[in-house]
>>> print(open('target_36.txt').read())   # compact mmCIF, C-alpha atoms
# COMPACT_ATOMS: atom_id res chain seq x y z
CA MET D 1 20.36 -33.69 4.28
CA SER D 2 17.68 -32.95 6.85
CA GLN D 3 14.09 -32.16 5.90
CA ILE D 4 12.93 -28.57 6.19
CA VAL D 5 9.42 -28.50 7.59
CA VAL D 6 7.38 -25.27 7.52
CA GLU D 7 4.78 -25.70 10.24
CA LYS D 8 1.28 -24.19 9.93
CA LYS D 9 -1.81 -24.41 12.12
CA VAL D 10 -5.37 -24.83 10.92
CA LEU D 11 -7.41 -22.02 12.38
CA ASN D 12 -10.39 -21.01 10.27
CA GLU D 13 -12.20 -21.54 6.98
CA ASN D 14 -9.40 -19.94 5.01
CA GLN D 15 -6.85 -22.14 6.74
CA LYS D 16 -8.87 -25.27 5.97
CA ILE D 17 -8.90 -24.48 2.26
CA ALA D 18 -5.24 -23.50 2.43
CA LEU D 19 -4.48 -26.87 3.98
CA GLU D 20 -6.27 -28.65 1.14
CA LEU D 21 -4.36 -26.54 -1.38
CA ARG D 22 -1.10 -27.28 0.40
CA GLU D 23 -1.78 -31.02 0.21
CA LYS D 24 -2.44 -30.76 -3.51
CA PHE D 25 0.70 -28.70 -4.07
CA ARG D 26 2.67 -31.26 -2.07
CA ALA D 27 1.25 -34.19 -4.01
CA HIS D 28 2.24 -32.53 -7.28
CA LYS D 29 5.56 -31.19 -5.97
CA ILE D 30 4.70 -27.61 -6.89
CA LEU D 31 6.72 -24.75 -5.42
CA VAL D 32 4.26 -22.02 -4.44
CA ILE D 33 5.25 -18.45 -3.57
CA ASN D 34 3.03 -15.56 -2.53
CA ILE D 35 4.45 -12.11 -3.26
CA VAL D 36 3.21 -9.20 -1.14
CA SER D 37 4.03 -5.49 -1.25
CA SER D 38 2.59 -1.98 -1.31
CA PRO D 39 0.97 -0.95 -4.57
CA GLY D 40 3.68 0.00 -7.01
CA SER D 41 6.70 -1.63 -5.37
CA GLY D 42 7.40 -3.54 -8.55
CA LYS D 43 5.85 -7.00 -8.16
CA THR D 44 4.68 -7.23 -11.76
CA THR D 45 7.96 -5.83 -13.07
CA LEU D 46 9.92 -8.45 -11.10
CA LEU D 47 7.68 -11.16 -12.53
CA GLU D 48 8.10 -9.84 -16.07
CA GLN D 49 11.85 -10.03 -15.63
CA THR D 50 11.56 -13.47 -14.06
CA LEU D 51 9.50 -14.90 -16.93
CA GLU D 52 11.83 -13.31 -19.49
CA ARG D 53 14.78 -15.20 -17.93
CA MET D 54 12.90 -18.38 -17.10
CA ASP D 55 13.93 -21.57 -18.89
CA LYS D 56 10.94 -22.21 -21.16
CA SER D 57 10.96 -25.89 -20.16
CA LYS D 58 10.04 -24.83 -16.61
CA ARG D 59 6.34 -25.14 -16.07
CA VAL D 60 5.50 -21.87 -14.34
CA ALA D 61 1.95 -20.63 -13.75
CA LEU D 62 0.87 -17.30 -12.34
CA LEU D 63 -2.13 -15.93 -10.48
CA THR D 64 -2.18 -12.16 -10.11
CA GLY D 65 -4.58 -10.29 -7.85
CA ASP D 66 -5.99 -6.79 -8.13
CA LEU D 67 -9.12 -4.98 -7.04
CA GLN D 68 -9.80 -4.02 -10.64
CA THR D 69 -8.33 -4.41 -14.16
CA GLU D 70 -6.65 -7.26 -15.99
CA ASN D 71 -3.59 -5.10 -16.65
CA ASP D 72 -1.12 -7.30 -14.80
CA ALA D 73 -2.28 -10.55 -16.40
CA ARG D 74 -1.94 -8.87 -19.80
CA ARG D 75 1.58 -7.72 -18.96
CA LEU D 76 2.59 -11.18 -17.78
CA ALA D 77 0.91 -13.20 -20.54
CA GLN D 78 3.38 -12.20 -23.24
CA TRP D 79 6.00 -14.78 -22.20
CA GLY D 80 3.71 -17.69 -22.95
CA PHE D 81 3.36 -19.04 -19.42
CA PRO D 82 -0.23 -19.49 -18.19
CA VAL D 83 -1.51 -16.46 -16.25
CA LYS D 84 -4.86 -15.72 -14.65
CA GLN D 85 -6.05 -12.44 -13.19
CA ILE D 86 -7.99 -12.61 -9.94
CA ILE D 87 -10.19 -9.52 -9.62
CA THR D 88 -11.14 -9.11 -5.97
CA GLY D 89 -13.59 -6.20 -6.33
CA GLY D 90 -13.28 -4.33 -3.05
CA THR D 91 -11.24 -6.95 -1.23
CA CYS D 92 -7.72 -5.93 -0.22
CA HIS D 93 -6.12 -9.39 -0.33
CA LEU D 94 -6.34 -12.80 -1.95
CA ASP D 95 -7.79 -15.68 0.05
CA ALA D 96 -7.43 -19.44 -0.29
CA LYS D 97 -10.91 -19.80 -1.80
CA MET D 98 -9.97 -17.48 -4.66
CA ILE D 99 -6.83 -19.51 -5.32
CA GLU D 100 -8.79 -22.78 -5.22
CA ARG D 101 -11.40 -21.43 -7.65
CA HIS D 102 -8.89 -20.08 -10.13
CA LEU D 103 -6.84 -23.28 -10.07
CA ALA D 104 -9.89 -25.49 -10.65
CA ASP D 105 -9.38 -25.91 -14.41
CA TRP D 106 -5.58 -25.97 -14.40
CA PRO D 107 -4.08 -29.48 -14.38
CA LEU D 108 -1.72 -29.32 -11.41
CA GLU D 109 0.43 -32.14 -12.77
CA ASN D 110 1.58 -29.67 -15.42
CA ILE D 111 2.86 -27.06 -12.96
CA ASP D 112 6.27 -26.89 -11.30
CA VAL D 113 6.10 -23.38 -9.88
CA LEU D 114 3.01 -21.39 -8.97
CA ILE D 115 3.66 -17.71 -8.45
CA ILE D 116 0.92 -15.74 -6.71
CA GLU D 117 1.10 -11.96 -6.98
CA ASN D 118 -1.09 -10.65 -4.17
CA VAL D 119 -3.12 -7.43 -4.18
CA GLY D 120 -0.89 -4.41 -3.53
CA ASN D 121 -1.23 -4.04 0.24
CA LEU D 122 1.20 -4.44 3.14
CA VAL D 123 -1.47 -5.30 5.71
CA CYS D 124 -4.46 -7.34 4.53
CA PRO D 125 -2.63 -10.21 2.78
CA THR D 126 -0.62 -10.95 5.93
CA GLY D 127 -3.36 -12.99 7.62
CA TYR D 128 -4.32 -15.13 4.64
CA ASP D 129 -2.53 -18.41 4.07
CA LEU D 130 -2.82 -19.38 0.41
CA GLY D 131 -1.14 -22.76 0.80
CA GLU D 132 2.18 -21.26 -0.27
CA HIS D 133 5.62 -22.42 0.79
CA PHE D 134 6.82 -18.87 1.19
CA LYS D 135 5.54 -15.37 1.46
CA ILE D 136 7.94 -12.91 -0.11
CA VAL D 137 7.71 -9.25 0.82
CA MET D 138 8.88 -6.60 -1.61
CA LEU D 139 9.93 -3.13 -0.48
CA SER D 140 11.09 -0.47 -2.92
CA VAL D 141 13.76 2.09 -2.11
CA THR D 142 11.28 4.87 -2.84
CA GLU D 143 9.16 3.89 0.17
CA GLY D 144 11.13 4.72 3.31
CA GLU D 145 13.45 2.63 5.47
CA ASP D 146 11.06 2.24 8.40
CA LYS D 147 8.41 0.16 6.62
CA PRO D 148 9.54 -3.08 8.34
CA LEU D 149 8.97 -1.39 11.70
CA LYS D 150 5.62 0.12 10.69
CA TYR D 151 4.27 -3.07 9.09
CA PRO D 152 6.13 -5.76 11.03
CA SER D 153 3.72 -8.68 10.48
CA ILE D 154 4.38 -9.17 6.80
CA PHE D 155 8.13 -8.95 7.35
CA VAL D 156 7.92 -11.50 10.16
CA LYS D 157 5.96 -13.89 7.94
CA SER D 158 8.14 -13.55 4.86
CA GLU D 159 11.09 -15.82 4.13
CA LEU D 160 12.60 -13.30 1.75
CA MET D 161 12.56 -9.53 1.36
CA ILE D 162 13.15 -8.19 -2.10
CA LEU D 163 14.49 -4.66 -1.93
CA SER D 164 13.46 -3.30 -5.31
CA LYS D 165 14.32 -0.28 -7.46
CA VAL D 166 17.89 -0.10 -6.11
CA ASP D 167 18.83 1.72 -9.33
CA LEU D 168 16.98 4.73 -7.86
CA LEU D 169 19.15 4.84 -4.70
CA PRO D 170 21.23 7.79 -5.98
CA TYR D 171 18.07 9.89 -6.34
CA VAL D 172 16.13 9.11 -3.17
CA PRO D 173 16.74 9.76 0.53
CA PHE D 174 16.83 6.04 1.40
CA ASP D 175 19.51 4.23 3.36
CA ALA D 176 19.45 0.60 2.23
CA GLU D 177 21.53 -0.55 5.20
CA VAL D 178 19.03 0.96 7.63
CA ALA D 179 16.14 -0.68 5.77
CA LYS D 180 17.84 -4.07 5.85
CA SER D 181 18.74 -3.64 9.50
CA ASN D 182 15.09 -2.77 10.27
CA ALA D 183 13.90 -5.87 8.41
CA ARG D 184 16.36 -8.02 10.38
CA MET D 185 15.23 -6.39 13.61
CA VAL D 186 11.65 -7.66 13.15
CA HIS D 187 12.72 -10.91 11.44
CA PRO D 188 16.32 -11.88 12.22
CA GLY D 189 16.55 -14.73 9.70
CA ILE D 190 15.01 -12.94 6.72
CA GLU D 191 16.84 -13.34 3.42
CA ILE D 192 17.31 -10.18 1.36
CA ILE D 193 17.86 -9.74 -2.36
CA GLU D 194 18.32 -6.31 -3.95
CA THR D 195 16.79 -5.89 -7.40
CA SER D 196 15.95 -3.30 -10.03
CA ASN D 197 14.30 -3.21 -13.44
CA LYS D 198 17.82 -2.81 -14.86
CA GLY D 199 18.46 -6.46 -13.97
CA ASP D 200 20.18 -6.00 -10.62
CA GLY D 201 19.85 -9.06 -8.43
CA MET D 202 18.07 -11.15 -11.03
CA GLU D 203 20.75 -13.84 -11.05
CA GLN D 204 20.49 -14.19 -7.27
CA TRP D 205 16.67 -14.24 -7.43
CA MET D 206 16.55 -16.85 -10.20
CA LYS D 207 19.01 -18.97 -8.19
CA TRP D 208 16.79 -18.61 -5.09
CA LEU D 209 13.79 -19.88 -7.07
CA GLU D 210 15.83 -22.67 -8.64
CA GLU D 211 17.07 -23.90 -5.26
CA LYS D 212 13.63 -23.83 -3.67
CA LEU D 213 12.15 -25.69 -6.62
CA ALA D 214 14.88 -28.33 -6.43
CA ALA D 215 14.18 -28.72 -2.71
CA VAL D 216 10.47 -29.22 -3.39
CA LYS D 217 11.14 -31.76 -6.13
CA SER D 218 13.60 -33.70 -3.97
CA GLY D 219 11.19 -33.74 -1.05
CA GLU D 220 13.62 -31.75 1.09
CA LEU D 221 11.27 -28.78 1.34
CA ILE D 222 7.79 -29.61 2.59
CA SER D 223 5.17 -27.10 3.71
CA ILE D 224 2.59 -28.55 6.13
CA MET Y 1 -21.16 33.18 -3.65
CA SER Y 2 -23.09 29.93 -3.41
CA GLN Y 3 -22.59 27.45 -0.60
CA ILE Y 4 -20.68 24.27 -1.36
CA VAL Y 5 -22.33 21.36 0.40
CA VAL Y 6 -20.60 17.98 0.63
CA GLU Y 7 -23.38 15.49 1.24
CA LYS Y 8 -22.85 12.37 3.35
CA LYS Y 9 -25.21 9.61 4.48
CA VAL Y 10 -25.30 8.03 7.92
CA LEU Y 11 -24.94 4.31 7.47
CA ASN Y 12 -23.31 2.57 10.39
CA GLU Y 13 -21.58 3.02 13.73
CA ASN Y 14 -18.55 4.63 12.13
CA GLN Y 15 -20.76 7.02 10.19
CA LYS Y 16 -22.62 8.00 13.35
CA ILE Y 17 -19.40 8.96 15.10
CA ALA Y 18 -18.18 10.67 11.93
CA LEU Y 19 -21.39 12.70 11.89
CA GLU Y 20 -20.79 13.82 15.47
CA LEU Y 21 -17.20 14.71 14.63
CA ARG Y 22 -18.36 16.63 11.58
CA GLU Y 23 -20.80 18.64 13.68
CA LYS Y 24 -18.02 19.54 16.10
CA PHE Y 25 -15.68 20.49 13.28
CA ARG Y 26 -18.42 22.63 11.77
CA ALA Y 27 -19.20 24.35 15.08
CA HIS Y 28 -15.52 25.25 15.47
CA LYS Y 29 -14.96 26.02 11.79
CA ILE Y 30 -12.12 23.53 11.47
CA LEU Y 31 -10.94 22.43 8.05
CA VAL Y 32 -10.35 18.67 8.18
CA ILE Y 33 -8.48 16.69 5.56
CA ASN Y 34 -7.77 12.96 5.43
CA ILE Y 35 -4.71 11.96 3.41
CA VAL Y 36 -4.60 8.45 1.98
CA SER Y 37 -1.94 6.65 -0.05
CA SER Y 38 0.12 3.49 -0.39
CA PRO Y 39 2.86 3.06 2.18
CA GLY Y 40 5.82 5.22 1.17
CA SER Y 41 4.12 7.56 -1.30
CA GLY Y 42 5.33 10.53 0.71
CA LYS Y 43 2.48 11.57 3.02
CA THR Y 44 4.74 12.39 5.97
CA THR Y 45 7.25 14.16 3.73
CA LEU Y 46 4.48 16.34 2.27
CA LEU Y 47 3.32 17.19 5.77
CA GLU Y 48 6.85 18.03 6.89
CA GLN Y 49 7.13 20.43 3.98
CA THR Y 50 3.67 21.82 4.72
CA LEU Y 51 4.46 22.53 8.37
CA GLU Y 52 7.80 24.05 7.44
CA ARG Y 53 6.01 26.57 5.19
CA MET Y 54 2.97 27.06 7.39
CA ASP Y 55 2.38 30.49 8.91
CA LYS Y 56 3.07 29.85 12.60
CA SER Y 57 -0.06 31.81 13.52
CA LYS Y 58 -2.16 29.13 11.81
CA ARG Y 59 -3.46 26.68 14.34
CA VAL Y 60 -2.76 23.35 12.68
CA ALA Y 61 -3.07 20.00 14.46
CA LEU Y 62 -2.13 16.58 13.13
CA LEU Y 63 -3.18 12.99 13.73
CA THR Y 64 -1.00 10.40 12.05
CA GLY Y 65 -1.91 6.73 11.79
CA ASP Y 66 0.32 3.68 11.58
CA LEU Y 67 0.11 0.03 12.53
CA GLN Y 68 3.25 0.43 14.61
CA THR Y 69 5.85 3.04 15.65
CA GLU Y 70 5.64 6.71 16.58
CA ASN Y 71 8.14 7.59 13.84
CA ASP Y 72 5.80 9.86 11.91
CA ALA Y 73 4.63 11.83 14.93
CA ARG Y 74 8.28 12.34 15.89
CA ARG Y 75 9.11 13.56 12.38
CA LEU Y 76 6.17 15.97 12.39
CA ALA Y 77 6.55 17.28 15.96
CA GLN Y 78 9.66 19.31 15.24
CA TRP Y 79 7.72 22.27 13.79
CA GLY Y 80 5.92 22.93 17.05
CA PHE Y 81 2.38 22.16 15.91
CA PRO Y 82 0.50 19.61 18.03
CA VAL Y 83 0.81 16.05 16.69
CA LYS Y 84 -0.51 12.75 17.94
CA GLN Y 85 0.33 9.29 16.68
CA ILE Y 86 -2.54 6.83 16.39
CA ILE Y 87 -1.18 3.27 16.56
CA THR Y 88 -3.76 0.92 15.08
CA GLY Y 89 -2.07 -2.39 15.90
CA GLY Y 90 -3.17 -4.70 13.11
CA THR Y 91 -5.85 -2.43 11.67
CA CYS Y 92 -5.24 -1.17 8.15
CA HIS Y 93 -7.11 2.13 8.42
CA LEU Y 94 -8.20 4.83 10.85
CA ASP Y 95 -11.82 4.93 11.96
CA ALA Y 96 -13.96 7.71 13.40
CA LYS Y 97 -13.76 6.27 16.91
CA MET Y 98 -9.97 6.53 16.89
CA ILE Y 99 -10.21 10.15 15.78
CA GLU Y 100 -12.79 10.93 18.46
CA ARG Y 101 -10.64 9.33 21.17
CA HIS Y 102 -7.44 11.10 20.15
CA LEU Y 103 -9.18 14.48 19.90
CA ALA Y 104 -10.80 14.13 23.35
CA ASP Y 105 -8.22 16.22 25.20
CA TRP Y 106 -7.52 18.75 22.46
CA PRO Y 107 -9.54 21.98 22.77
CA LEU Y 108 -11.15 22.23 19.34
CA GLU Y 109 -11.58 25.99 19.66
CA ASN Y 110 -7.80 26.22 19.28
CA ILE Y 111 -7.66 24.39 15.95
CA ASP Y 112 -8.11 25.85 12.45
CA VAL Y 113 -6.89 22.93 10.38
CA LEU Y 114 -6.87 19.26 11.35
CA ILE Y 115 -4.71 17.11 9.10
CA ILE Y 116 -5.23 13.37 9.35
CA GLU Y 117 -2.54 11.17 7.85
CA ASN Y 118 -4.15 7.79 7.37
CA VAL Y 119 -2.44 4.39 7.55
CA GLY Y 120 -0.52 3.64 4.36
CA ASN Y 121 -3.09 1.69 2.39
CA LEU Y 122 -5.01 2.35 -0.84
CA VAL Y 123 -7.96 0.15 0.05
CA CYS Y 124 -9.01 -0.04 3.70
CA PRO Y 125 -9.26 3.71 4.48
CA THR Y 126 -11.67 4.22 1.58
CA GLY Y 127 -14.76 3.07 3.46
CA TYR Y 128 -14.16 5.02 6.67
CA ASP Y 129 -15.55 8.51 7.00
CA LEU Y 130 -13.54 10.41 9.62
CA GLY Y 131 -15.73 13.51 9.54
CA GLU Y 132 -13.32 15.15 7.10
CA HIS Y 133 -14.18 17.73 4.47
CA PHE Y 134 -11.93 16.08 1.95
CA LYS Y 135 -10.09 12.89 1.33
CA ILE Y 136 -6.86 13.50 -0.55
CA VAL Y 137 -5.19 10.64 -2.38
CA MET Y 138 -1.46 10.67 -2.96
CA LEU Y 139 0.19 8.69 -5.74
CA SER Y 140 3.93 8.71 -6.32
CA VAL Y 141 5.52 8.51 -9.75
CA THR Y 142 7.41 5.39 -8.65
CA GLU Y 143 4.16 3.42 -8.37
CA GLY Y 144 2.80 2.92 -11.89
CA GLU Y 145 0.28 4.92 -13.90
CA ASP Y 146 -2.56 2.42 -13.62
CA LYS Y 147 -3.13 2.73 -9.88
CA PRO Y 148 -6.31 4.87 -10.34
CA LEU Y 149 -7.77 2.05 -12.45
CA LYS Y 150 -6.68 -0.70 -10.06
CA TYR Y 151 -7.86 1.12 -6.91
CA PRO Y 152 -10.69 3.28 -8.24
CA SER Y 153 -12.65 3.78 -5.01
CA ILE Y 154 -10.16 6.01 -3.26
CA PHE Y 155 -9.70 8.12 -6.40
CA VAL Y 156 -13.47 8.48 -6.76
CA LYS Y 157 -13.80 9.61 -3.15
CA SER Y 158 -10.88 12.05 -3.18
CA GLU Y 159 -11.26 15.73 -4.02
CA LEU Y 160 -7.60 16.06 -4.83
CA MET Y 161 -4.86 13.77 -6.11
CA ILE Y 162 -1.32 14.68 -5.16
CA LEU Y 163 1.12 13.23 -7.67
CA SER Y 164 4.28 13.05 -5.58
CA LYS Y 165 8.00 12.53 -6.25
CA VAL Y 166 7.82 14.21 -9.68
CA ASP Y 167 11.54 14.96 -9.33
CA LEU Y 168 12.08 11.23 -10.00
CA LEU Y 169 10.26 11.32 -13.37
CA PRO Y 170 13.52 11.31 -15.37
CA TYR Y 171 14.55 8.02 -13.71
CA VAL Y 172 11.36 5.98 -13.72
CA PRO Y 173 9.19 4.48 -16.46
CA PHE Y 174 6.13 6.56 -15.51
CA ASP Y 175 4.03 8.71 -17.83
CA ALA Y 176 2.47 11.45 -15.70
CA GLU Y 177 -0.05 12.35 -18.38
CA VAL Y 178 -1.32 8.77 -18.51
CA ALA Y 179 -1.60 8.66 -14.71
CA LYS Y 180 -3.56 11.93 -14.65
CA SER Y 181 -5.76 10.77 -17.48
CA ASN Y 182 -6.46 7.52 -15.58
CA ALA Y 183 -7.36 9.48 -12.44
CA ARG Y 184 -9.74 11.68 -14.45
CA MET Y 185 -11.24 8.59 -16.07
CA VAL Y 186 -12.42 7.25 -12.70
CA HIS Y 187 -13.10 10.72 -11.23
CA PRO Y 188 -13.60 13.39 -13.90
CA GLY Y 189 -13.60 16.36 -11.52
CA ILE Y 190 -10.54 15.41 -9.48
CA GLU Y 191 -8.03 18.19 -8.84
CA ILE Y 192 -4.36 17.30 -9.32
CA ILE Y 193 -1.25 18.87 -7.83
CA GLU Y 194 2.25 17.60 -8.68
CA THR Y 195 4.75 17.71 -5.83
CA SER Y 196 8.22 16.57 -4.81
CA ASN Y 197 10.45 16.78 -1.78
CA LYS Y 198 12.43 19.39 -3.71
CA GLY Y 199 9.54 21.80 -3.21
CA ASP Y 200 7.70 21.29 -6.50
CA GLY Y 201 4.03 22.16 -6.24
CA MET Y 202 4.22 23.38 -2.65
CA GLU Y 203 3.01 26.85 -3.53
CA GLN Y 204 -0.04 25.40 -5.27
CA TRP Y 205 -0.69 23.00 -2.38
CA MET Y 206 -0.39 25.70 0.30
CA LYS Y 207 -2.76 27.87 -1.75
CA TRP Y 208 -5.24 24.96 -1.98
CA LEU Y 209 -5.19 24.59 1.80
CA GLU Y 210 -5.47 28.36 2.31
CA GLU Y 211 -8.50 28.60 0.04
CA LYS Y 212 -10.28 25.67 1.65
CA LEU Y 213 -9.61 27.07 5.10
CA ALA Y 214 -10.95 30.48 4.08
CA ALA Y 215 -14.07 28.79 2.69
CA VAL Y 216 -14.63 26.95 5.98
CA LYS Y 217 -14.13 30.11 8.02
CA SER Y 218 -16.51 32.11 5.82
CA GLY Y 219 -19.16 29.39 5.97
CA GLU Y 220 -18.95 28.86 2.22
CA LEU Y 221 -17.63 25.30 2.61
CA ILE Y 222 -19.76 23.07 4.80
CA SER Y 223 -19.47 19.29 5.09
CA ILE Y 224 -22.67 17.58 6.24
>>> encode(input="target_36.txt", output="structure tokens")
Amino acid sequence: MSQIVVEKKVLNENQKIALELREKFRAHKILVINIVSSPGSGKTTLLEQTLERMDKSKRVALLTGDLQTENDARRLAQWGFPVKQIITGGTCHLDAKMIERHLADWPLENIDVLIIENVGNLVCPTGYDLGEHFKIVMLSVTEGEDKPLKYPSIFVKSELMILSKVDLLPYVPFDAEVAKSNARMVHPGIEIIETSNKGDGMEQWMKWLEEKLAAVKSGELISI
Amino acid sequence: MSQIVVEKKVLNENQKIALELREKFRAHKILVINIVSSPGSGKTTLLEQTLERMDKSKRVALLTGDLQTENDARRLAQWGFPVKQIITGGTCHLDAKMIERHLADWPLENIDVLIIENVGNLVCPTGYDLGEHFKIVMLSVTEGEDKPLKYPSIFVKSELMILSKVDLLPYVPFDAEVAKSNARMVHPGIEIIETSNKGDGMEQWMKWLEEKLAAVKSGELISI
């Protein structure tokens, strides 16, 4: 099987730290994902459902960003996996330095998957590499089908779009096919999984994570 | 009746331009509002419903901001009021310079109400004065009750919170009372109107606009 190489360029201070993080993640074979969406699209809810279904032998760790409050870390802590809240103050995104600082006292050899929940924002997080393998963009069906056209950068940079809250489709004026078509217009290869807090799509999402983790462990998936 | 004075301080280049804009708006007795929310909370939908109900003798003009696309201006243009799209490229907010530039060829003496629909973002627009009388923050019931605590700045700076999509309350795990209580915790005096695209709250919202416009015209409401 051929190697998948995700190419990155070092550009600035953030990129330098991201590169160092990426090397550490690679050395420890940690799958790292960076989830981005508008406020309220359902990032924390997806992660709650993910942790609930996660094999407890899997060593998952989470960093969750917000301008204020430790609400999300509290919500996520109840499944027993390690969680840290990153409070950014006024900053509308996470940066590599914040990730580095919050990982400092976590032994990386004990982590298989690091899930980063970014600050709720479709713009600011786009330009900040956190050393992740994949950005994942989440769009909820309550938001409007044209978001991929209005905020193309994050859709271009994301490997996967999670279309969330599909249980609300009967009640909202949202055409999922148009939304998916818009996402594919700005990023032809983007993968799409439809989810809801009723459990829709969770099997497919857990399988996605499982496959990416296996590819990291086997050395097939390398982010450089 | 006593004068209501909204005090502002001149701090930087943006504030200087905002001050000039504010003086022009004051000279022409134009009510100016600046609507801020996450992407997909329903700003454009509210404005569509507003224009649909607006007395056609009212001279309303609209500026609508997005990173990309003229979709919103197209949606809003169908009611015959003047609309301009401001495309910000990668920028996550509108600034006073953009407003100044897009107003340059509009005769201000022909405008009673200027509605500015900011870029969908709960963080970046907070720090940019556009010369408006009021910032209005919109929060939809699909987003989670703790948004005022996570993004306090914009709730502190907004005169009014519009709680949108209340028709979806039966289908989402959202406690409106908790959300309102959170908003009042960070901004005790904040006004709140609950709306939906089914017409909920529109009478109250149109009355709010009408009263503010009357106060501007009478000289009772001055923004300095």
>>> closest_atom_pairs(input="target_36.txt", of="chain D", to="chain Y", cutoff="7 Å", atoms="all atoms listed in the file", output="CSV")
residue,atom,partner,partner_atom,distance
D:Ser38,CA,Y:Ser38,CA,6.1
D:Pro39,CA,Y:Ser38,CA,6.2
D:Gly40,CA,Y:Glu143,CA,3.7
D:Ser41,CA,Y:Glu143,CA,6.4
D:Asp66,CA,Y:Lys150,CA,6.4
D:Leu67,CA,Y:Lys150,CA,5.8
D:Gln68,CA,Y:Lys150,CA,4.6
D:Thr69,CA,Y:Lys150,CA,5.8
D:Cys92,CA,Y:Val123,CA,6.1
D:Asn121,CA,Y:Asn121,CA,6.4
D:Val123,CA,Y:Cys92,CA,6.1
D:Thr142,CA,Y:Gly40,CA,6.8
D:Glu143,CA,Y:Gly40,CA,3.7
D:Gly144,CA,Y:Gly40,CA,5.7
D:Leu149,CA,Y:Gln68,CA,6.7
D:Lys150,CA,Y:Gln68,CA,4.6
D:Tyr151,CA,Y:Leu67,CA,6.2
>>> residues_around(input="target_36.txt", residues="Gly199 (chain D)", least_positions_apart="4", cutoff="9 Å", atoms="all atoms listed in the file", output="count of residues only")
3
>>> residues_around(input="target_36.txt", residues="His133 (chain D)", least_positions_apart="6", cutoff="7 Å", atoms="only C-alpha atoms", output="PyMOL selection string")
chain D and resi 31-33+223
>>> atom_distance(input="target_36.txt", atom1="CA of Arg22 (chain Y)", atom2="CA of Asn118 (chain Y)")
17.3 Å
>>> residues_around(input="target_36.txt", residues="Trp106 (chain Y)", least_positions_apart="4", cutoff="12 Å", atoms="all atoms listed in the file", output="PyMOL selection string")
chain Y and resi 60-63+82-84+99-102+110-111+114
>>> closest_residue(input="target_36.txt", among="D:Val137, D:Val113, D:Leu47, D:Leu169", to="Ala214 (chain D)", atoms="all atoms listed in the file")
D:Val113
>>> atom_distance(input="target_36.txt", atom1="CA of Asp129 (chain D)", atom2="CA of Met98 (chain D)")
11.5 Å
>>> atom_distance(input="target_36.txt", atom1="CA of Leu130 (chain Y)", atom2="CA of Phe155 (chain D)")
29.1 Å
>>> residues_around(input="target_36.txt", residues="Glu48 (chain D)", least_positions_apart="5", cutoff="9 Å", atoms="all atoms listed in the file", output="PDB file with C-alpha atoms, keeping the file's coordinate frame")
ATOM      1  CA  LYS D  43       5.850  -7.000  -8.160  1.00  0.00           C
ATOM      2  CA  ARG D  53      14.780 -15.200 -17.930  1.00  0.00           C
ATOM      3  CA  ARG D  75       1.580  -7.720 -18.960  1.00  0.00           C
ATOM      4  CA  LEU D  76       2.590 -11.180 -17.780  1.00  0.00           C
ATOM      5  CA  GLN D  78       3.380 -12.200 -23.240  1.00  0.00           C
ATOM      6  CA  TRP D  79       6.000 -14.780 -22.200  1.00  0.00           C
TER       7      TRP D  79
END
>>> residues_around(input="target_36.txt", residues="Ala27 (chain Y)", least_positions_apart="2", cutoff="12 Å", atoms="all atoms listed in the file", output="number ranges by chain")
Y: 20-25, 29-31, 108-109, 111-112, 216-217, 219, 222-224
>>> residues_near_point(input="target_36.txt", point="(9.4, -13.6, 8.6)", cutoff="6 Å", atoms="all atoms listed in the file", output="NGL selection string")
:D and (155-159 or 187 or 190)
>>> axis_aligned_box(input="target_36.txt", around="region 170-178 of chain Y", padding_each_side="3 Å", output="lines of an AutoDock Vina configuration file")
center_x = 6.6
center_y = 8.4
center_z = -16.1
size_x = 21.9
size_y = 13.9
size_z = 10.8
>>> decode(input="target_36.txt", residues="region 36-47 of chain Y", atoms="C-alpha atoms", output="compact mmCIF listing (two decimals), in the first residue's frame")
# COMPACT_ATOMS: atom_id res chain seq x y z
CA VAL Y 36 -23.63 40.39 14.62
CA SER Y 37 -23.98 36.63 15.02
CA SER Y 38 -22.44 33.26 14.28
CA PRO Y 39 -22.69 32.13 10.68
CA GLY Y 40 -26.19 30.79 10.06
CA SER Y 41 -28.01 32.27 13.05
CA GLY Y 42 -30.49 33.90 10.71
CA LYS Y 43 -29.35 37.49 10.15
CA THR Y 44 -30.29 37.56 6.47
CA THR Y 45 -33.59 35.81 7.14
CA LEU Y 46 -34.47 38.40 9.80
CA LEU Y 47 -33.64 41.17 7.36
